[in-house]
file protein-v3.pdb (PDB, C-alpha atoms)
ATOM      1  CA  MET E   1       0.000   0.000   0.000  1.00  0.00           C
ATOM      2  CA  LYS E   2       1.207   3.478  -0.856  1.00  0.00           C
ATOM      3  CA  ALA E   3       0.024   6.740   0.646  1.00  0.00           C
ATOM      4  CA  SER E   4       0.892  10.364  -0.016  1.00  0.00           C
ATOM      5  CA  LEU E   5       0.057  13.573   1.810  1.00  0.00           C
ATOM      6  CA  LYS E   6       0.307  16.911   0.032  1.00  0.00           C
ATOM      7  CA  SER E   7      -0.003  20.378   1.567  1.00  0.00           C
ATOM      8  CA  ARG E   8      -0.317  23.566  -0.466  1.00  0.00           C
ATOM      9  CA  TYR E   9      -0.258  27.247   0.445  1.00  0.00           C
ATOM     10  CA  ASP E  10      -1.355  29.934  -1.998  1.00  0.00           C
ATOM     11  CA  THR E  11      -0.628  33.585  -1.183  1.00  0.00           C
ATOM     12  CA  ASP E  12      -3.261  34.711  -3.672  1.00  0.00           C
ATOM     13  CA  LYS E  13      -5.935  32.938  -1.600  1.00  0.00           C
ATOM     14  CA  SER E  14      -4.105  33.367   1.734  1.00  0.00           C
ATOM     15  CA  ALA E  15      -5.069  29.822   2.610  1.00  0.00           C
ATOM     16  CA  ALA E  16      -3.576  26.384   3.022  1.00  0.00           C
ATOM     17  CA  ALA E  17      -4.968  23.140   1.631  1.00  0.00           C
ATOM     18  CA  VAL E  18      -4.193  19.501   2.311  1.00  0.00           C
ATOM     19  CA  ALA E  19      -4.811  16.478   0.094  1.00  0.00           C
ATOM     20  CA  ALA E  20      -4.209  12.782   0.737  1.00  0.00           C
ATOM     21  CA  THR E  21      -4.081   9.751  -1.559  1.00  0.00           C
ATOM     22  CA  ILE E  22      -4.063   6.048  -0.658  1.00  0.00           C
ATOM     23  CA  ALA E  23      -3.303   3.445  -3.354  1.00  0.00           C
ATOM     24  CA  VAL E  24      -3.605  -0.329  -2.980  1.00  0.00           C
ATOM     25  CA  ASN E  25      -2.352  -2.908  -5.487  1.00  0.00           C
ATOM     26  CA  ALA E  26      -4.879  -5.587  -6.423  1.00  0.00           C
ATOM     27  CA  GLY E  27      -2.928  -7.770  -8.821  1.00  0.00           C
ATOM     28  CA  ASP E  28      -2.093  -5.698 -11.893  1.00  0.00           C
ATOM     29  CA  VAL E  29      -4.771  -3.128 -10.991  1.00  0.00           C
ATOM     30  CA  LYS E  30      -4.426  -0.216  -8.564  1.00  0.00           C
ATOM     31  CA  LEU E  31      -7.274   1.016  -6.367  1.00  0.00           C
ATOM     32  CA  ARG E  32      -6.944   4.631  -5.267  1.00  0.00           C
ATOM     33  CA  VAL E  33      -8.805   6.872  -2.822  1.00  0.00           C
ATOM     34  CA  SER E  34      -8.143  10.628  -2.788  1.00  0.00           C
ATOM     35  CA  MET E  35      -9.477  13.248  -0.401  1.00  0.00           C
ATOM     36  CA  THR E  36      -8.900  16.892   0.531  1.00  0.00           C
ATOM     37  CA  ASP E  37      -9.128  18.753   3.811  1.00  0.00           C
ATOM     38  CA  ALA E  38     -12.784  19.503   2.952  1.00  0.00           C
ATOM     39  CA  THR E  39     -13.482  15.797   3.472  1.00  0.00           C
ATOM     40  CA  VAL E  40     -12.567  15.759   7.171  1.00  0.00           C
ATOM     41  CA  VAL E  41     -12.115  19.282   8.610  1.00  0.00           C
ATOM     42  CA  LYS E  42     -15.804  19.971   9.317  1.00  0.00           C
ATOM     43  CA  GLY E  43     -16.650  16.378  10.073  1.00  0.00           C
ATOM     44  CA  PRO E  44     -16.712  13.399   7.704  1.00  0.00           C
ATOM     45  CA  SER E  45     -18.244  14.347   4.363  1.00  0.00           C
ATOM     46  CA  LEU E  46     -18.072  13.454   0.683  1.00  0.00           C
ATOM     47  CA  SER E  47     -16.585  16.831  -0.306  1.00  0.00           C
ATOM     48  CA  GLY E  48     -13.281  16.426  -2.120  1.00  0.00           C
ATOM     49  CA  LEU E  49     -13.558  12.613  -2.201  1.00  0.00           C
ATOM     50  CA  SER E  50     -12.713  10.656  -5.360  1.00  0.00           C
ATOM     51  CA  LEU E  51     -12.217   6.980  -6.182  1.00  0.00           C
ATOM     52  CA  ALA E  52     -10.154   5.480  -9.001  1.00  0.00           C
ATOM     53  CA  VAL E  53      -9.303   2.186 -10.634  1.00  0.00           C
ATOM     54  CA  GLU E  54      -6.092   2.081 -12.677  1.00  0.00           C
ATOM     55  CA  LYS E  55      -4.272  -0.436 -14.798  1.00  0.00           C
ATOM     56  CA  PRO E  56      -0.946   1.302 -15.477  1.00  0.00           C
ATOM     57  CA  GLY E  57      -0.429   2.087 -19.143  1.00  0.00           C
ATOM     58  CA  ILE E  58      -3.924   0.837 -20.099  1.00  0.00           C
ATOM     59  CA  PHE E  59      -6.745   2.751 -18.392  1.00  0.00           C
ATOM     60  CA  ILE E  60      -7.800   4.948 -15.460  1.00  0.00           C
ATOM     61  CA  ILE E  61     -11.398   5.341 -14.307  1.00  0.00           C
ATOM     62  CA  ASP E  62     -12.024   8.162 -11.827  1.00  0.00           C
ATOM     63  CA  TYR E  63     -15.235   8.770  -9.920  1.00  0.00           C
ATOM     64  CA  ASN E  64     -15.868  12.153  -8.274  1.00  0.00           C
ATOM     65  CA  VAL E  65     -18.141  11.205  -5.375  1.00  0.00           C
ATOM     66  CA  PRO E  66     -19.792  14.585  -4.553  1.00  0.00           C
ATOM     67  CA  LYS E  67     -20.341  15.425  -8.226  1.00  0.00           C
ATOM     68  CA  LYS E  68     -21.315  11.835  -9.147  1.00  0.00           C
ATOM     69  CA  ASP E  69     -19.135  12.245 -12.230  1.00  0.00           C
ATOM     70  CA  PHE E  70     -17.014   9.681 -14.076  1.00  0.00           C
ATOM     71  CA  ARG E  71     -13.792  10.399 -15.950  1.00  0.00           C
ATOM     72  CA  PHE E  72     -12.419   7.754 -18.312  1.00  0.00           C
ATOM     73  CA  GLN E  73      -8.838   7.651 -19.564  1.00  0.00           C
ATOM     74  CA  PHE E  74      -7.469   5.043 -21.961  1.00  0.00           C
ATOM     75  CA  MET E  75      -3.851   4.759 -23.100  1.00  0.00           C
ATOM     76  CA  ASN E  76      -2.281   2.914 -26.015  1.00  0.00           C
ATOM     77  CA  ARG E  77       0.976   2.830 -27.961  1.00  0.00           C
ATOM     78  CA  ILE E  78       1.440   2.267 -31.663  1.00  0.00           C
ATOM     79  CA  THR E  79       4.487   2.492 -33.927  1.00  0.00           C
ATOM     80  CA  ILE E  80       4.889   4.889 -36.856  1.00  0.00           C
ATOM     81  CA  ALA E  81       8.057   4.602 -38.953  1.00  0.00           C
ATOM     82  CA  GLU E  82       9.608   2.612 -36.108  1.00  0.00           C
ATOM     83  CA  LYS E  83       8.894   5.495 -33.689  1.00  0.00           C
ATOM     84  CA  PRO E  84       6.561   5.011 -30.682  1.00  0.00           C
ATOM     85  CA  LEU E  85       3.367   7.078 -30.669  1.00  0.00           C
ATOM     86  CA  ASN E  86       1.715   7.278 -27.240  1.00  0.00           C
ATOM     87  CA  LEU E  87      -2.037   7.928 -27.455  1.00  0.00           C
ATOM     88  CA  THR E  88      -4.400   8.978 -24.675  1.00  0.00           C
ATOM     89  CA  TYR E  89      -8.193   9.276 -24.823  1.00  0.00           C
ATOM     90  CA  ILE E  90      -9.901  11.180 -21.991  1.00  0.00           C
ATOM     91  CA  HIS E  91     -13.647  11.625 -21.562  1.00  0.00           C
ATOM     92  CA  SER E  92     -15.412  13.454 -18.727  1.00  0.00           C
ATOM     93  CA  ARG E  93     -19.061  12.487 -18.543  1.00  0.00           C
ATOM     94  CA  GLY E  94     -20.204  15.449 -16.443  1.00  0.00           C
ATOM     95  CA  ASP E  95     -19.202  18.208 -18.876  1.00  0.00           C
ATOM     96  CA  ASN E  96     -19.325  15.848 -21.890  1.00  0.00           C
ATOM     97  CA  ARG E  97     -15.796  16.749 -22.907  1.00  0.00           C
ATOM     98  CA  THR E  98     -13.416  14.503 -24.839  1.00  0.00           C
ATOM     99  CA  ILE E  99      -9.685  15.111 -25.194  1.00  0.00           C
ATOM    100  CA  LEU E 100      -7.251  13.328 -27.485  1.00  0.00           C
ATOM    101  CA  ASP E 101      -3.557  13.496 -26.684  1.00  0.00           C
ATOM    102  CA  GLY E 102      -0.656  12.058 -28.652  1.00  0.00           C
ATOM    103  CA  THR E 103       3.123  12.080 -28.250  1.00  0.00           C
ATOM    104  CA  LEU E 104       5.512  10.964 -30.980  1.00  0.00           C
ATOM    105  CA  VAL E 105       8.935  10.064 -29.552  1.00  0.00           C
ATOM    106  CA  PHE E 106      11.689  10.504 -32.139  1.00  0.00           C
ATOM    107  CA  ASP E 107      14.472   9.601 -29.696  1.00  0.00           C
ATOM    108  CA  PRO E 108      15.163  10.081 -25.953  1.00  0.00           C
ATOM    109  CA  ALA E 109      15.909  13.775 -26.531  1.00  0.00           C
ATOM    110  CA  ASN E 110      13.167  14.777 -28.992  1.00  0.00           C
ATOM    111  CA  LYS E 111       9.402  14.387 -28.967  1.00  0.00           C
ATOM    112  CA  LEU E 112       6.351  16.108 -30.450  1.00  0.00           C
ATOM    113  CA  SER E 113       3.022  16.286 -28.605  1.00  0.00           C
ATOM    114  CA  ALA E 114      -0.474  17.297 -29.709  1.00  0.00           C
ATOM    115  CA  ASN E 115      -3.553  17.901 -27.563  1.00  0.00           C
ATOM    116  CA  HIS E 116      -7.040  18.367 -29.026  1.00  0.00           C
ATOM    117  CA  ALA E 117     -10.415  18.877 -27.339  1.00  0.00           C
ATOM    118  CA  LEU E 118     -13.063  17.450 -29.649  1.00  0.00           C
ATOM    119  CA  GLY E 119     -15.648  19.952 -30.857  1.00  0.00           C
ATOM    120  CA  SER E 120     -13.745  22.968 -29.566  1.00  0.00           C
ATOM    121  CA  GLY E 121     -11.467  23.647 -32.513  1.00  0.00           C
ATOM    122  CA  ASN E 122      -8.680  23.977 -29.981  1.00  0.00           C
ATOM    123  CA  CYS E 123      -5.421  22.155 -30.632  1.00  0.00           C
ATOM    124  CA  LYS E 124      -2.080  22.632 -28.901  1.00  0.00           C
ATOM    125  CA  LEU E 125       1.273  21.485 -30.261  1.00  0.00           C
ATOM    126  CA  LYS E 126       4.426  21.147 -28.173  1.00  0.00           C
ATOM    127  CA  TYR E 127       7.971  20.207 -29.083  1.00  0.00           C
ATOM    128  CA  THR E 128      10.295  18.951 -26.334  1.00  0.00           C
ATOM    129  CA  TYR E 129      14.061  18.828 -26.628  1.00  0.00           C
ATOM    130  CA  VAL E 130      16.285  17.563 -23.808  1.00  0.00           C
ATOM    131  CA  HIS E 131      19.910  18.699 -24.090  1.00  0.00           C
ATOM    132  CA  GLU E 132      22.468  16.386 -22.503  1.00  0.00           C
ATOM    133  CA  GLY E 133      19.800  15.038 -20.149  1.00  0.00           C
ATOM    134  CA  VAL E 134      19.686  18.153 -17.935  1.00  0.00           C
ATOM    135  CA  THR E 135      18.234  21.090 -19.902  1.00  0.00           C
ATOM    136  CA  THR E 136      14.756  20.917 -21.451  1.00  0.00           C
ATOM    137  CA  TYR E 137      13.335  23.328 -24.046  1.00  0.00           C
ATOM    138  CA  GLU E 138       9.566  23.305 -24.604  1.00  0.00           C
ATOM    139  CA  PRO E 139       8.089  25.691 -27.189  1.00  0.00           C
ATOM    140  CA  SER E 140       4.352  25.194 -27.740  1.00  0.00           C
ATOM    141  CA  TYR E 141       1.735  26.677 -30.061  1.00  0.00           C
ATOM    142  CA  ASP E 142      -1.995  27.149 -29.363  1.00  0.00           C
ATOM    143  CA  LEU E 143      -3.919  27.099 -32.634  1.00  0.00           C
ATOM    144  CA  ALA E 144      -7.121  28.535 -31.136  1.00  0.00           C
ATOM    145  CA  LYS E 145      -5.330  31.523 -29.573  1.00  0.00           C
ATOM    146  CA  ASN E 146      -2.722  31.770 -32.348  1.00  0.00           C
ATOM    147  CA  SER E 147      -0.075  32.216 -29.669  1.00  0.00           C
ATOM    148  CA  TRP E 148       3.216  30.718 -28.531  1.00  0.00           C
ATOM    149  CA  ASP E 149       4.286  29.601 -25.083  1.00  0.00           C
ATOM    150  CA  PHE E 150       7.861  28.902 -24.034  1.00  0.00           C
ATOM    151  CA  ALA E 151       9.373  26.934 -21.163  1.00  0.00           C
ATOM    152  CA  LEU E 152      12.949  26.228 -20.144  1.00  0.00           C
ATOM    153  CA  SER E 153      13.964  23.912 -17.312  1.00  0.00           C
ATOM    154  CA  ARG E 154      17.258  22.655 -15.972  1.00  0.00           C
ATOM    155  CA  ARG E 155      18.027  19.827 -13.564  1.00  0.00           C
ATOM    156  CA  VAL E 156      20.679  20.540 -10.941  1.00  0.00           C
ATOM    157  CA  TYR E 157      22.165  18.370  -8.205  1.00  0.00           C
ATOM    158  CA  GLY E 158      20.213  15.401  -9.551  1.00  0.00           C
ATOM    159  CA  ASP E 159      16.906  16.015  -7.721  1.00  0.00           C
ATOM    160  CA  ASP E 160      16.264  19.760  -8.146  1.00  0.00           C
ATOM    161  CA  VAL E 161      14.680  21.323 -11.223  1.00  0.00           C
ATOM    162  CA  PHE E 162      14.454  25.046 -11.989  1.00  0.00           C
ATOM    163  CA  ARG E 163      11.872  26.035 -14.612  1.00  0.00           C
ATOM    164  CA  ALA E 164      10.919  29.311 -16.291  1.00  0.00           C
ATOM    165  CA  SER E 165       7.894  29.769 -18.549  1.00  0.00           C
ATOM    166  CA  TYR E 166       6.202  32.553 -20.502  1.00  0.00           C
ATOM    167  CA  GLN E 167       2.716  32.618 -22.043  1.00  0.00           C
ATOM    168  CA  THR E 168       2.500  35.199 -24.793  1.00  0.00           C
ATOM    169  CA  SER E 169      -1.327  35.295 -24.845  1.00  0.00           C
ATOM    170  CA  SER E 170      -1.716  36.161 -21.144  1.00  0.00           C
ATOM    171  CA  LYS E 171       1.769  37.682 -20.709  1.00  0.00           C
ATOM    172  CA  ALA E 172       2.242  35.435 -17.693  1.00  0.00           C
ATOM    173  CA  LEU E 173       5.812  34.845 -16.532  1.00  0.00           C
ATOM    174  CA  GLY E 174       6.373  31.890 -14.246  1.00  0.00           C
ATOM    175  CA  LEU E 175       9.326  30.625 -12.190  1.00  0.00           C
ATOM    176  CA  GLU E 176       9.428  27.292 -10.388  1.00  0.00           C
ATOM    177  CA  TRP E 177      11.774  25.342  -8.147  1.00  0.00           C
ATOM    178  CA  SER E 178      10.922  21.707  -7.472  1.00  0.00           C
ATOM    179  CA  ARG E 179      12.593  18.739  -5.809  1.00  0.00           C
ATOM    180  CA  ASN E 180      11.701  15.060  -6.057  1.00  0.00           C
ATOM    181  CA  SER E 181      13.886  13.004  -3.756  1.00  0.00           C
ATOM    182  CA  LYS E 182      13.305   9.908  -1.637  1.00  0.00           C
ATOM    183  CA  PHE E 183      15.869  11.154   0.864  1.00  0.00           C
ATOM    184  CA  ASN E 184      15.506  14.962   0.838  1.00  0.00           C
ATOM    185  CA  GLY E 185      11.732  15.196   0.359  1.00  0.00           C
ATOM    186  CA  CYS E 186       9.469  16.509  -2.396  1.00  0.00           C
ATOM    187  CA  PHE E 187       8.374  20.114  -2.760  1.00  0.00           C
ATOM    188  CA  LYS E 188       7.541  22.762  -5.329  1.00  0.00           C
ATOM    189  CA  ILE E 189       7.726  26.537  -4.990  1.00  0.00           C
ATOM    190  CA  SER E 190       6.345  28.616  -7.842  1.00  0.00           C
ATOM    191  CA  ALA E 191       5.862  32.301  -8.574  1.00  0.00           C
ATOM    192  CA  SER E 192       3.894  33.928 -11.380  1.00  0.00           C
ATOM    193  CA  VAL E 193       3.408  37.509 -12.451  1.00  0.00           C
ATOM    194  CA  ASP E 194       1.419  39.263 -15.183  1.00  0.00           C
ATOM    195  CA  VAL E 195       4.057  41.153 -17.148  1.00  0.00           C
ATOM    196  CA  GLY E 196       1.322  43.206 -18.817  1.00  0.00           C
ATOM    197  CA  GLU E 197       0.469  44.761 -15.444  1.00  0.00           C
ATOM    198  CA  GLY E 198       4.083  45.693 -14.801  1.00  0.00           C
ATOM    199  CA  LEU E 199       6.888  44.020 -12.900  1.00  0.00           C
ATOM    200  CA  ASN E 200       6.367  46.214  -9.820  1.00  0.00           C
ATOM    201  CA  LYS E 201       3.370  44.092  -8.772  1.00  0.00           C
ATOM    202  CA  LEU E 202       3.975  41.351  -6.222  1.00  0.00           C
ATOM    203  CA  PRO E 203       3.999  37.867  -7.792  1.00  0.00           C
ATOM    204  CA  LYS E 204       1.575  35.127  -6.826  1.00  0.00           C
ATOM    205  CA  LEU E 205       3.417  32.541  -4.739  1.00  0.00           C
ATOM    206  CA  THR E 206       2.517  28.910  -4.235  1.00  0.00           C
ATOM    207  CA  ALA E 207       4.306  26.350  -2.079  1.00  0.00           C
ATOM    208  CA  GLU E 208       3.639  22.613  -2.111  1.00  0.00           C
ATOM    209  CA  THR E 209       5.217  19.771  -0.192  1.00  0.00           C
ATOM    210  CA  THR E 210       4.556  16.039  -0.449  1.00  0.00           C
ATOM    211  CA  TRP E 211       5.240  13.144   1.890  1.00  0.00           C
ATOM    212  CA  ASP E 212       5.147   9.596   0.531  1.00  0.00           C
ATOM    213  CA  PHE E 213       4.673   6.473   2.628  1.00  0.00           C
ATOM    214  CA  GLU E 214       4.837   2.817   1.624  1.00  0.00           C
ATOM    215  CA  THR E 215       4.049  -0.341   3.563  1.00  0.00           C
TER     216      THR E 215
END
call {"tool": "encode", "arguments": {"input": "protein-v3.pdb", "output": "structure tokens"}}
result
Amino acid sequence: MKASLKSRYDTDKSAAAVAATIAVNAGDVKLRVSMTDATVVKGPSLSGLSLAVEKPGIFIIDYNVPKKDFRFQFMNRITIAEKPLNLTYIHSRGDNRTILDGTLVFDPANKLSANHALGSGNCKLKYTYVHEGVTTYEPSYDLAKNSWDFALSRRVYGDDVFRASYQTSSKALGLEWSRNSKFNGCFKISASVDVGEGLNKLPKLTAETTWDFET
């Protein structure tokens, strides 16, 4: 059994939030229960409670208990010109939305991704290039907005990643520092600012930390 506890503090909302996930292996299928602080703070309730069944690499079925809403996700891999193409189909029953996602892996350093929401006319393309295994460049293009987004990240000291991003449509500049380590813990600190409103405005800060347990 695996369990994780995540806490998050957002300066924009001046509030903290806690979420917990418990996963149990049942053969080649995983059973997962997720809840937020809304589930327990004011007494046991169904708020923030979700259930999931997952077969890694094949499917995930999520059930949002308070909303009585199902979300289906199916994954598959095919080969095109001897290159793996990873396909994902996602359907949310509540808002009747279907998303198709595909990633063509040219080699370990280069891949091209496409994301399309059916019926919306919205399609996003992203190219990912990893230089020497430590620096990642991610330009992306949103066809609906006719705009580019850019992201640059670099891994340092093995477990730490620094990432900078810029969205041209919203003029949002983001900075992030994250760590994923079994020995030194997992956390993420991010800051974002609207460049269009001027750099003299205080950025929005978010801090997350995660504890993982396994028995």
call {"tool": "closest_residue", "arguments": {"input": "protein-v3.pdb", "among": "E:Gly185, E:Gly196, E:Pro139, E:Gly158", "to": "Lys6 of chain E", "atoms": "all atoms listed in the file"}}
result
E:Gly185
call {"tool": "resolve_selection", "arguments": {"input": "protein-v3.pdb", "expression": "the PyMOL selection byres ((chain E and resi 82) around 12)", "output": "PyMOL selection string"}}
result
chain E and resi 77-81+83-85+104-107
call {"tool": "resolve_selection", "arguments": {"input": "protein-v3.pdb", "expression": "the PyMOL selection byres ((chain E and resi 94) around 10)", "output": "short mmCIF file (atom, residue, chain, number, x, y, z; two decimals) with C-alpha atoms, in the coordinates of the input"}}
result
data_model
loop_
_atom_site.label_atom_id
_atom_site.label_comp_id
_atom_site.auth_asym_id
_atom_site.auth_seq_id
_atom_site.Cartn_x
_atom_site.Cartn_y
_atom_site.Cartn_z
CA ASN E 64 -15.87 12.15 -8.27
CA LYS E 67 -20.34 15.42 -8.23
CA LYS E 68 -21.32 11.84 -9.15
CA ASP E 69 -19.14 12.24 -12.23
CA PHE E 70 -17.01 9.68 -14.08
CA ARG E 71 -13.79 10.40 -15.95
CA HIS E 91 -13.65 11.62 -21.56
CA SER E 92 -15.41 13.45 -18.73
CA ARG E 93 -19.06 12.49 -18.54
CA ASP E 95 -19.20 18.21 -18.88
CA ASN E 96 -19.32 15.85 -21.89
CA ARG E 97 -15.80 16.75 -22.91
#
call {"tool": "resolve_selection", "arguments": {"input": "protein-v3.pdb", "expression": "the PyMOL selection byres ((chain E and resi 23) around 9)", "output": "JSON, numbers by chain"}}
result
{"E": [1, 2, 3, 4, 21, 22, 24, 25, 30, 31, 32, 33, 34]}
call {"tool": "closest_residue", "arguments": {"input": "protein-v3.pdb", "among": "E:Ala191, E:Ala20, E:Leu100, E:Leu143", "to": "Ser165 of chain E", "atoms": "all atoms listed in the file"}}
result
E:Ala191
call {"tool": "atom_distance", "arguments": {"input": "protein-v3.pdb", "atom1": "atom CA of Leu112 of chain E", "atom2": "atom CA of Leu125 of chain E"}}
result
7.4 Å
call {"tool": "residues_around", "arguments": {"input": "protein-v3.pdb", "residues": "segment 114-119 of chain E", "least_positions_apart": "3", "cutoff": "9 Å", "atoms": "all atoms listed in the file", "output": "PDB file with C-alpha atoms, in the frame of the given file"}}
result
ATOM      1  CA  ARG E  97     -15.796  16.749 -22.907  1.00  0.00           C
ATOM      2  CA  THR E  98     -13.416  14.503 -24.839  1.00  0.00           C
ATOM      3  CA  ILE E  99      -9.685  15.111 -25.194  1.00  0.00           C
ATOM      4  CA  LEU E 100      -7.251  13.328 -27.485  1.00  0.00           C
ATOM      5  CA  ASP E 101      -3.557  13.496 -26.684  1.00  0.00           C
ATOM      6  CA  GLY E 102      -0.656  12.058 -28.652  1.00  0.00           C
ATOM      7  CA  THR E 103       3.123  12.080 -28.250  1.00  0.00           C
ATOM      8  CA  LEU E 104       5.512  10.964 -30.980  1.00  0.00           C
ATOM      9  CA  ASN E 122      -8.680  23.977 -29.981  1.00  0.00           C
ATOM     10  CA  CYS E 123      -5.421  22.155 -30.632  1.00  0.00           C
ATOM     11  CA  LYS E 124      -2.080  22.632 -28.901  1.00  0.00           C
ATOM     12  CA  LEU E 125       1.273  21.485 -30.261  1.00  0.00           C
ATOM     13  CA  LYS E 126       4.426  21.147 -28.173  1.00  0.00           C
ATOM     14  CA  TYR E 127       7.971  20.207 -29.083  1.00  0.00           C
TER      15      TYR E 127
END
call {"tool": "residues_near_point", "arguments": {"input": "protein-v3.pdb", "point": "(12.9, 29.9, -12.1)", "cutoff": "12 Å", "atoms": "only C-alpha atoms", "output": "PyMOL selection string"}}
result
chain E and resi 151-155+160-166+173-178+188-192
call {"tool": "atom_distance", "arguments": {"input": "protein-v3.pdb", "atom1": "atom CA of Leu87 of chain E", "atom2": "atom CA of Met75 of chain E"}}
result
5.7 Å
call {"tool": "atom_distance", "arguments": {"input": "protein-v3.pdb", "atom1": "atom CA of Tyr129 of chain E", "atom2": "atom CA of Cys186 of chain E"}}
result
24.8 Å
call {"tool": "closest_residue", "arguments": {"input": "protein-v3.pdb", "among": "E:Pro203, E:Gly121, E:Gly133, E:Pro66", "to": "Leu51 of chain E", "atoms": "only C-alpha atoms"}}
result
E:Pro66
call {"tool": "decode", "arguments": {"input": "protein-v3.pdb", "residues": "segment 150-208 of chain E", "atoms": "C-alpha atoms", "output": "PDB file, in the first residue's frame"}}
result
ATOM      1  CA  PHE E 150       7.861  28.902 -24.034  1.00  0.00           C
ATOM      2  CA  ALA E 151       9.373  26.934 -21.163  1.00  0.00           C
ATOM      3  CA  LEU E 152      12.949  26.228 -20.144  1.00  0.00           C
ATOM      4  CA  SER E 153      13.964  23.912 -17.312  1.00  0.00           C
ATOM      5  CA  ARG E 154      17.258  22.655 -15.972  1.00  0.00           C
ATOM      6  CA  ARG E 155      18.027  19.827 -13.564  1.00  0.00           C
ATOM      7  CA  VAL E 156      20.679  20.540 -10.941  1.00  0.00           C
ATOM      8  CA  TYR E 157      22.165  18.370  -8.205  1.00  0.00           C
ATOM      9  CA  GLY E 158      20.213  15.401  -9.551  1.00  0.00           C
ATOM     10  CA  ASP E 159      16.906  16.015  -7.721  1.00  0.00           C
ATOM     11  CA  ASP E 160      16.264  19.760  -8.146  1.00  0.00           C
ATOM     12  CA  VAL E 161      14.680  21.323 -11.223  1.00  0.00           C
ATOM     13  CA  PHE E 162      14.454  25.046 -11.989  1.00  0.00           C
ATOM     14  CA  ARG E 163      11.872  26.035 -14.612  1.00  0.00           C
ATOM     15  CA  ALA E 164      10.919  29.311 -16.291  1.00  0.00           C
ATOM     16  CA  SER E 165       7.894  29.769 -18.549  1.00  0.00           C
ATOM     17  CA  TYR E 166       6.202  32.553 -20.502  1.00  0.00           C
ATOM     18  CA  GLN E 167       2.716  32.618 -22.043  1.00  0.00           C
ATOM     19  CA  THR E 168       2.500  35.199 -24.793  1.00  0.00           C
ATOM     20  CA  SER E 169      -1.327  35.295 -24.845  1.00  0.00           C
ATOM     21  CA  SER E 170      -1.716  36.161 -21.144  1.00  0.00           C
ATOM     22  CA  LYS E 171       1.769  37.682 -20.709  1.00  0.00           C
ATOM     23  CA  ALA E 172       2.242  35.435 -17.693  1.00  0.00           C
ATOM     24  CA  LEU E 173       5.812  34.845 -16.532  1.00  0.00           C
ATOM     25  CA  GLY E 174       6.373  31.890 -14.246  1.00  0.00           C
ATOM     26  CA  LEU E 175       9.326  30.625 -12.190  1.00  0.00           C
ATOM     27  CA  GLU E 176       9.428  27.292 -10.388  1.00  0.00           C
ATOM     28  CA  TRP E 177      11.774  25.342  -8.147  1.00  0.00           C
ATOM     29  CA  SER E 178      10.922  21.707  -7.472  1.00  0.00           C
ATOM     30  CA  ARG E 179      12.593  18.739  -5.809  1.00  0.00           C
ATOM     31  CA  ASN E 180      11.701  15.060  -6.057  1.00  0.00           C
ATOM     32  CA  SER E 181      13.886  13.004  -3.756  1.00  0.00           C
ATOM     33  CA  LYS E 182      13.305   9.908  -1.637  1.00  0.00           C
ATOM     34  CA  PHE E 183      15.869  11.154   0.864  1.00  0.00           C
ATOM     35  CA  ASN E 184      15.506  14.962   0.838  1.00  0.00           C
ATOM     36  CA  GLY E 185      11.732  15.196   0.359  1.00  0.00           C
ATOM     37  CA  CYS E 186       9.469  16.509  -2.396  1.00  0.00           C
ATOM     38  CA  PHE E 187       8.374  20.114  -2.760  1.00  0.00           C
ATOM     39  CA  LYS E 188       7.541  22.762  -5.329  1.00  0.00           C
ATOM     40  CA  ILE E 189       7.726  26.537  -4.990  1.00  0.00           C
ATOM     41  CA  SER E 190       6.345  28.616  -7.842  1.00  0.00           C
ATOM     42  CA  ALA E 191       5.862  32.301  -8.574  1.00  0.00           C
ATOM     43  CA  SER E 192       3.894  33.928 -11.380  1.00  0.00           C
ATOM     44  CA  VAL E 193       3.408  37.509 -12.451  1.00  0.00           C
ATOM     45  CA  ASP E 194       1.419  39.263 -15.183  1.00  0.00           C
ATOM     46  CA  VAL E 195       4.057  41.153 -17.148  1.00  0.00           C
ATOM     47  CA  GLY E 196       1.322  43.206 -18.817  1.00  0.00           C
ATOM     48  CA  GLU E 197       0.469  44.761 -15.444  1.00  0.00           C
ATOM     49  CA  GLY E 198       4.083  45.693 -14.801  1.00  0.00           C
ATOM     50  CA  LEU E 199       6.888  44.020 -12.900  1.00  0.00           C
ATOM     51  CA  ASN E 200       6.367  46.214  -9.820  1.00  0.00           C
ATOM     52  CA  LYS E 201       3.370  44.092  -8.772  1.00  0.00           C
ATOM     53  CA  LEU E 202       3.975  41.351  -6.222  1.00  0.00           C
ATOM     54  CA  PRO E 203       3.999  37.867  -7.792  1.00  0.00           C
ATOM     55  CA  LYS E 204       1.575  35.127  -6.826  1.00  0.00           C
ATOM     56  CA  LEU E 205       3.417  32.541  -4.739  1.00  0.00           C
ATOM     57  CA  THR E 206       2.517  28.910  -4.235  1.00  0.00           C
ATOM     58  CA  ALA E 207       4.306  26.350  -2.079  1.00  0.00           C
ATOM     59  CA  GLU E 208       3.639  22.613  -2.111  1.00  0.00           C
TER      60      GLU E 208
END
